[in-house]
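Peer 1: This is entry-v2.pdb, which holds PDB, C-alpha atoms:
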ATOM      1  CA  GLY A   1     159.043  17.969 247.316
ATOM      2  CA  ARG A   2     160.407  14.547 246.793
ATOM      3  CA  LEU A   3     159.202  11.392 248.451
ATOM      4  CA  THR A   4     162.285   9.655 249.815
ATOM      5  CA  THR A   5     160.616   6.555 251.199
ATOM      6  CA  PRO A   6     158.146   4.985 248.800
ATOM      7  CA  ALA A   7     154.777   4.294 250.346
ATOM      8  CA  ARG A   8     152.808   1.339 249.088
ATOM      9  CA  LEU A   9     149.073   1.469 249.545
ATOM     10  CA  ALA A  10     148.059  -1.027 246.902
ATOM     11  CA  SER A  11     149.514  -2.956 244.056
ATOM     12  CA  LEU A  12     147.725  -2.465 240.778
ATOM     13  CA  PRO A  13     148.818  -3.596 237.345
ATOM     14  CA  ILE A  14     149.327  -0.546 235.179
ATOM     15  CA  GLY A  15     149.196  -0.324 231.443
ATOM     16  CA  ALA A  16     151.546   1.421 229.063
ATOM     17  CA  ASP A  17     149.309   4.500 229.042
ATOM     18  CA  VAL A  18     149.594   4.968 232.817
ATOM     19  CA  ALA A  19     153.336   4.263 232.758
ATOM     20  CA  ALA A  20     153.843   6.835 229.986
ATOM     21  CA  LEU A  21     151.862   9.447 231.924
ATOM     22  CA  VAL A  22     153.835   8.853 235.107
ATOM     23  CA  ARG A  23     157.114   8.940 233.163
ATOM     24  CA  ASP A  24     156.034  12.194 231.480
ATOM     25  CA  LEU A  25     155.177  13.784 234.819
ATOM     26  CA  ALA A  26     158.347  12.501 236.500
ATOM     27  CA  HIS A  27     160.599  13.894 233.779
ATOM     28  CA  SER A  28     158.898  17.238 233.351
ATOM     29  CA  ARG A  29     161.247  20.189 232.927
ATOM     30  CA  LEU A  30     158.829  22.571 234.602
ATOM     31  CA  THR A  31     159.696  23.926 238.035
ATOM     32  CA  GLY A  32     158.123  25.906 240.814
ATOM     33  CA  SER A  33     154.576  27.126 240.352
ATOM     34  CA  LEU A  34     154.391  25.858 236.778
ATOM     35  CA  ARG A  35     155.303  22.363 237.988
ATOM     36  CA  ARG A  36     152.640  22.507 240.712
ATOM     37  CA  ALA A  37     150.049  23.687 238.191
ATOM     38  CA  GLN A  38     150.990  20.851 235.845
ATOM     39  CA  LEU A  39     150.692  18.265 238.612
ATOM     40  CA  GLN A  40     147.355  19.652 239.796
ATOM     41  CA  ALA A  41     145.973  19.765 236.269
ATOM     42  CA  ARG A  42     147.013  16.207 235.478
ATOM     43  CA  ALA A  43     146.507  14.614 238.892
ATOM     44  CA  ALA A  44     143.278  12.869 237.942
ATOM     45  CA  GLU A  45     144.623  11.360 234.719
ATOM     46  CA  PRO A  46     146.293   8.314 236.317
ATOM     47  CA  LEU A  47     143.117   7.586 238.270
ATOM     48  CA  VAL A  48     140.994   7.782 235.141
ATOM     49  CA  LEU A  49     143.369   5.520 233.216
ATOM     50  CA  VAL A  50     143.554   2.954 236.030
ATOM     51  CA  ALA A  51     139.782   3.025 236.471
ATOM     52  CA  ALA A  52     139.290   2.496 232.738
ATOM     53  CA  GLY A  53     141.682  -0.455 232.869
ATOM     54  CA  TRP A  54     139.840  -2.023 235.783
ATOM     55  CA  ARG A  55     136.500  -1.391 234.151
ATOM     56  CA  GLU A  56     137.702  -3.198 231.045
ATOM     57  CA  LYS A  57     139.256  -6.013 233.079
ATOM     58  CA  LEU A  58     136.213  -6.559 235.278
ATOM     59  CA  GLY A  59     133.746  -6.192 232.451
ATOM     60  CA  HIS A  60     131.639  -3.079 232.296
ATOM     61  CA  GLU A  61     128.507  -5.180 232.112
ATOM     62  CA  SER A  62     128.654  -6.619 235.593
ATOM     63  CA  TRP A  63     125.870  -5.494 237.879
ATOM     64  CA  PRO A  64     124.805  -6.429 241.386
ATOM     65  CA  GLY A  65     123.270  -9.891 241.511
ATOM     66  CA  ALA A  66     124.215 -10.779 237.950
ATOM     67  CA  ARG A  67     125.735 -14.131 237.194
ATOM     68  CA  PRO A  68     129.144 -13.749 235.526
ATOM     69  CA  ARG A  69     127.910 -15.654 232.460
ATOM     70  CA  ASP A  70     124.989 -13.234 232.068
ATOM     71  CA  ALA A  71     127.287 -10.226 232.246
ATOM     72  CA  GLU A  72     129.642 -11.789 229.689
ATOM     73  CA  LEU A  73     126.733 -12.655 227.423
ATOM     74  CA  LEU A  74     125.316  -9.138 227.504
ATOM     75  CA  ALA A  75     128.745  -7.616 226.915
ATOM     76  CA  ALA A  76     129.319  -9.923 223.939
ATOM     77  CA  ALA A  77     125.886  -9.130 222.499
ATOM     78  CA  ARG A  78     126.502  -5.397 222.834
ATOM     79  CA  ARG A  79     129.920  -5.789 221.227
ATOM     80  CA  VAL A  80     128.446  -7.667 218.222
ATOM     81  CA  LEU A  81     125.642  -5.134 217.808
ATOM     82  CA  GLY A  82     128.147  -2.283 218.095
ATOM     83  CA  GLU A  83     130.370  -3.786 215.422
ATOM     84  CA  ARG A  84     127.493  -4.655 213.113
ATOM     85  CA  PHE A  85     125.135  -1.744 213.786
ATOM     86  CA  ALA A  86     124.582  -1.076 210.073
ATOM     87  CA  ASP A  87     123.569  -4.685 209.426
ATOM     88  CA  PRO A  88     122.645  -6.173 212.789
ATOM     89  CA  PRO A  89     121.887  -9.862 213.079
ATOM     90  CA  THR A  90     118.384 -10.991 213.945
ATOM     91  CA  LEU A  91     117.731 -11.816 217.578
ATOM     92  CA  THR A  92     117.762 -15.512 216.716
ATOM     93  CA  GLY A  93     121.003 -15.100 214.765
ATOM     94  CA  LEU A  94     122.636 -13.135 217.559
ATOM     95  CA  ALA A  95     121.592 -15.722 220.126
ATOM     96  CA  ALA A  96     122.993 -18.518 217.958
ATOM     97  CA  MET A  97     126.302 -16.643 217.565
ATOM     98  CA  LEU A  98     126.575 -16.341 221.333
ATOM     99  CA  GLY A  99     125.460 -19.848 222.174
ATOM    100  CA  THR A 100     122.266 -18.926 223.942
ATOM    101  CA  ASN A 101     118.601 -18.548 223.069
ATOM    102  CA  LYS A 102     116.717 -15.458 222.005
ATOM    103  CA  ASN A 103     114.534 -15.417 225.135
ATOM    104  CA  LYS A 104     117.558 -15.308 227.439
ATOM    105  CA  LEU A 105     119.158 -12.548 225.381
ATOM    106  CA  ASN A 106     115.972 -10.510 225.303
ATOM    107  CA  GLN A 107     115.576 -10.970 229.069
ATOM    108  CA  LEU A 108     119.145  -9.722 229.736
ATOM    109  CA  PHE A 109     118.657  -6.617 227.603
ATOM    110  CA  GLN A 110     115.341  -5.848 229.258
ATOM    111  CA  ALA A 111     116.674  -6.394 232.792
ATOM    112  CA  ARG A 112     119.880  -4.418 232.423
ATOM    113  CA  LEU A 113     119.191  -1.827 229.719
ATOM    114  CA  GLN A 114     115.391  -1.601 229.769
ATOM    115  CA  VAL A 115     115.278  -2.049 225.983
ATOM    116  CA  THR A 116     115.031  -4.930 223.566
ATOM    117  CA  PRO A 117     118.091  -5.911 221.524
ATOM    118  CA  ARG A 118     116.339  -4.485 218.471
ATOM    119  CA  ALA A 119     115.734  -1.118 220.161
ATOM    120  CA  TYR A 120     119.339  -1.109 221.377
ATOM    121  CA  SER A 121     120.557  -1.740 217.840
ATOM    122  CA  LEU A 122     118.355   1.052 216.490
ATOM    123  CA  ARG A 123     119.728   3.408 219.147
ATOM    124  CA  LEU A 124     123.291   2.597 218.016
ATOM    125  CA  ARG A 125     122.384   3.321 214.407
ATOM    126  CA  ILE A 126     120.785   6.652 215.270
ATOM    127  CA  GLU A 127     123.680   7.680 217.531
ATOM    128  CA  ARG A 128     126.154   6.894 214.747
ATOM    129  CA  ALA A 129     123.989   8.844 212.305
ATOM    130  CA  GLN A 130     124.016  11.834 214.671
ATOM    131  CA  VAL A 131     127.810  11.775 214.724
ATOM    132  CA  LEU A 132     128.053  11.527 210.928
ATOM    133  CA  ILE A 133     125.528  14.318 210.424
ATOM    134  CA  ALA A 134     127.293  16.565 212.937
ATOM    135  CA  GLN A 135     130.638  15.967 211.208
ATOM    136  CA  GLY A 136     129.088  17.351 208.028
ATOM    137  CA  ARG A 137     131.248  15.315 205.628
ATOM    138  CA  MET A 138     128.399  13.259 204.147
ATOM    139  CA  ASN A 139     125.063  14.124 202.655
ATOM    140  CA  LEU A 140     121.977  12.576 204.221
ATOM    141  CA  ALA A 141     121.721   9.789 201.626
ATOM    142  CA  GLN A 142     125.308   8.762 202.428
ATOM    143  CA  VAL A 143     124.598   8.865 206.162
ATOM    144  CA  ALA A 144     121.497   6.717 205.679
ATOM    145  CA  GLU A 145     123.531   4.149 203.749
ATOM    146  CA  ALA A 146     126.393   4.228 206.253
ATOM    147  CA  VAL A 147     124.055   3.312 209.106
ATOM    148  CA  GLY A 148     122.308   0.570 207.178
ATOM    149  CA  TYR A 149     119.254   2.116 205.561
ATOM    150  CA  GLN A 150     118.622   1.359 201.889
ATOM    151  CA  HIS A 151     116.258   4.292 201.512
ATOM    152  CA  GLN A 152     116.740   7.796 202.811
ATOM    153  CA  SER A 153     113.006   8.046 203.530
ATOM    154  CA  SER A 154     113.187   5.040 205.929
ATOM    155  CA  PHE A 155     116.195   6.590 207.611
ATOM    156  CA  THR A 156     114.462   9.957 207.943
ATOM    157  CA  ALA A 157     111.394   8.367 209.540
ATOM    158  CA  ALA A 158     113.498   6.333 212.015
ATOM    159  CA  PHE A 159     115.691   9.336 212.847
ATOM    160  CA  ARG A 160     112.696  11.598 213.421
ATOM    161  CA  GLU A 161     111.001   9.037 215.652
ATOM    162  CA  ALA A 162     114.145   8.523 217.724
ATOM    163  CA  THR A 163     115.232  12.154 218.079
ATOM    164  CA  GLY A 164     112.135  14.241 217.415
ATOM    165  CA  LEU A 165     113.998  16.036 214.625
ATOM    166  CA  SER A 166     114.432  15.436 210.931
ATOM    167  CA  PRO A 167     118.022  14.678 209.868
ATOM    168  CA  GLY A 168     118.052  17.968 207.940
ATOM    169  CA  ARG A 169     117.009  19.984 210.997
ATOM    170  CA  TYR A 170     119.535  18.083 213.111
ATOM    171  CA  ALA A 171     122.246  19.010 210.575
ATOM    172  CA  GLN A 172     121.250  22.687 210.800
ATOM    173  CA  LEU A 173     121.413  22.615 214.598
ATOM    174  CA  ALA A 174     124.748  20.799 214.500
ATOM    175  CA  ARG A 175     126.211  23.487 212.220
ATOM    176  CA  GLN A 176     125.039  26.106 214.721
ATOM    177  CA  GLY A 177     126.556  24.170 217.603
ATOM    178  CA  ALA A 178     123.114  23.765 219.158
ATOM    179  CA  VAL A 179     123.254  19.964 219.609
ATOM    180  CA  SER A 180     125.609  17.987 221.731
ATOM    181  CA  LEU A 181     126.750  14.433 221.164
ATOM    182  CA  HIS A 182     126.915  12.023 224.097
TER     183      HIS A 182
END
Render the structure in this file as structure tokens.

Peer 2:
Amino acid sequence: GRLTTPARLASLPIGADVAALVRDLAHSRLTGSLRRAQLQARAAEPLVLVAAGWREKLGHESWPGARPRDAELLAAARRVLGERFADPPTLTGLAAMLGTNKNKLNQLFQARLQVTPRAYSLRLRIERAQVLIAQGRMNLAQVAEAVGYQHQSSFTAAFREATGLSPGRYAQLARQGAVSLH
């Protein structure tokens, strides 16, 4: 049915993605049971989009007891490492970029992520390599280069240590659909 009197529980800013979804649902040409099925199937979408917007707005790095500056610093460090995973800055260089010192940065990574910035950076490289290998568009030498390794042998050793599999074996399993990406 139709809601004749709008109810207001909360006022949240909504982005274009949420507005487009609501508009799409409001102007659907489906009727009856098909309309109900559509609404049930897509009911969670606005919540997911709003939650993603709030997560972005509030900063996904905030955690109980953290100072806002620490959360911002960790988020910025993760952003830089994510953008430059193939050629990550040194810890000292990263700290200088962010206007802090390497000890503070190391402490934040350890406290929140239980890894060092270097280990975090390595994890990003290996995760990206897993995606590239699973896509199957590059050979292993190209994957190694794309994730910042000058030598395929160095890449193979790092990949094996991180995943327990050689890149070649991982590629075989990916072709068989036996590995899942996070």

Peer 1: Would you mind listing what lies within 10 Å of Tyr170 (chain A) as a list in words, with all atoms listed in the file counted and same-chain residues fewer than 5 positions away left out?

Peer 2: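 Contacts, with the query itself left out: Gln130, Ile133, Ala134, Phe159, Arg160, Thr163, Gly164, Leu165, Arg175, Gln176, Ala178 and Val179 of chain A.
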
Peer 1: Given the PyMOL selection byres ((chain A and resi 128) around 10) and the file above, list the residues it selects as a PyMOL selection string.

Peer 2: chain A and resi 82+85-86+122-127+129-134+143+146-147+181

Peer 1: Calculate how many Å separate CA of Leu108 (chain A) from CA of Ser154 (chain A), rounding to one decimal.

Peer 2: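 According to the coordinates, CA of Leu108 (chain A) and CA of Ser154 (chain A) are separated by 28.6 Å.
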
Peer 1: For this file, the PyMOL selection byres ((chain A and resi 111) around 12) selects which residues, as a PDB file with C-alpha atoms, in the coordinates of the input?

Peer 2:
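Final output, selection_4.pdb:
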ATOM      1  CA  GLU A  61     128.507  -5.180 232.112  1.00  0.00           C
ATOM      2  CA  TRP A  63     125.870  -5.494 237.879  1.00  0.00           C
ATOM      3  CA  PRO A  64     124.805  -6.429 241.386  1.00  0.00           C
ATOM      4  CA  GLY A  65     123.270  -9.891 241.511  1.00  0.00           C
ATOM      5  CA  ALA A  66     124.215 -10.779 237.950  1.00  0.00           C
ATOM      6  CA  ASP A  70     124.989 -13.234 232.068  1.00  0.00           C
ATOM      7  CA  ALA A  71     127.287 -10.226 232.246  1.00  0.00           C
ATOM      8  CA  LEU A  74     125.316  -9.138 227.504  1.00  0.00           C
ATOM      9  CA  LYS A 104     117.558 -15.308 227.439  1.00  0.00           C
ATOM     10  CA  LEU A 105     119.158 -12.548 225.381  1.00  0.00           C
ATOM     11  CA  ASN A 106     115.972 -10.510 225.303  1.00  0.00           C
ATOM     12  CA  GLN A 107     115.576 -10.970 229.069  1.00  0.00           C
ATOM     13  CA  LEU A 108     119.145  -9.722 229.736  1.00  0.00           C
ATOM     14  CA  PHE A 109     118.657  -6.617 227.603  1.00  0.00           C
ATOM     15  CA  GLN A 110     115.341  -5.848 229.258  1.00  0.00           C
ATOM     16  CA  ARG A 112     119.880  -4.418 232.423  1.00  0.00           C
ATOM     17  CA  LEU A 113     119.191  -1.827 229.719  1.00  0.00           C
ATOM     18  CA  GLN A 114     115.391  -1.601 229.769  1.00  0.00           C
ATOM     19  CA  VAL A 115     115.278  -2.049 225.983  1.00  0.00           C
ATOM     20  CA  THR A 116     115.031  -4.930 223.566  1.00  0.00           C
ATOM     21  CA  PRO A 117     118.091  -5.911 221.524  1.00  0.00           C
TER      22      PRO A 117
END

Peer 1: One number please: CA of Ala96 (chain A) to CA of Arg79 (chain A), in Å, one decimal.

Peer 2: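 Going from CA of Ala96 (chain A) over to CA of Arg79 (chain A) covers 14.9 Å.
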
Peer 1: Can you tell me how far CA of Leu81 (chain A) sits from CA of Ser121 (chain A), in Å to one decimal?

Peer 2: 6.1 Å
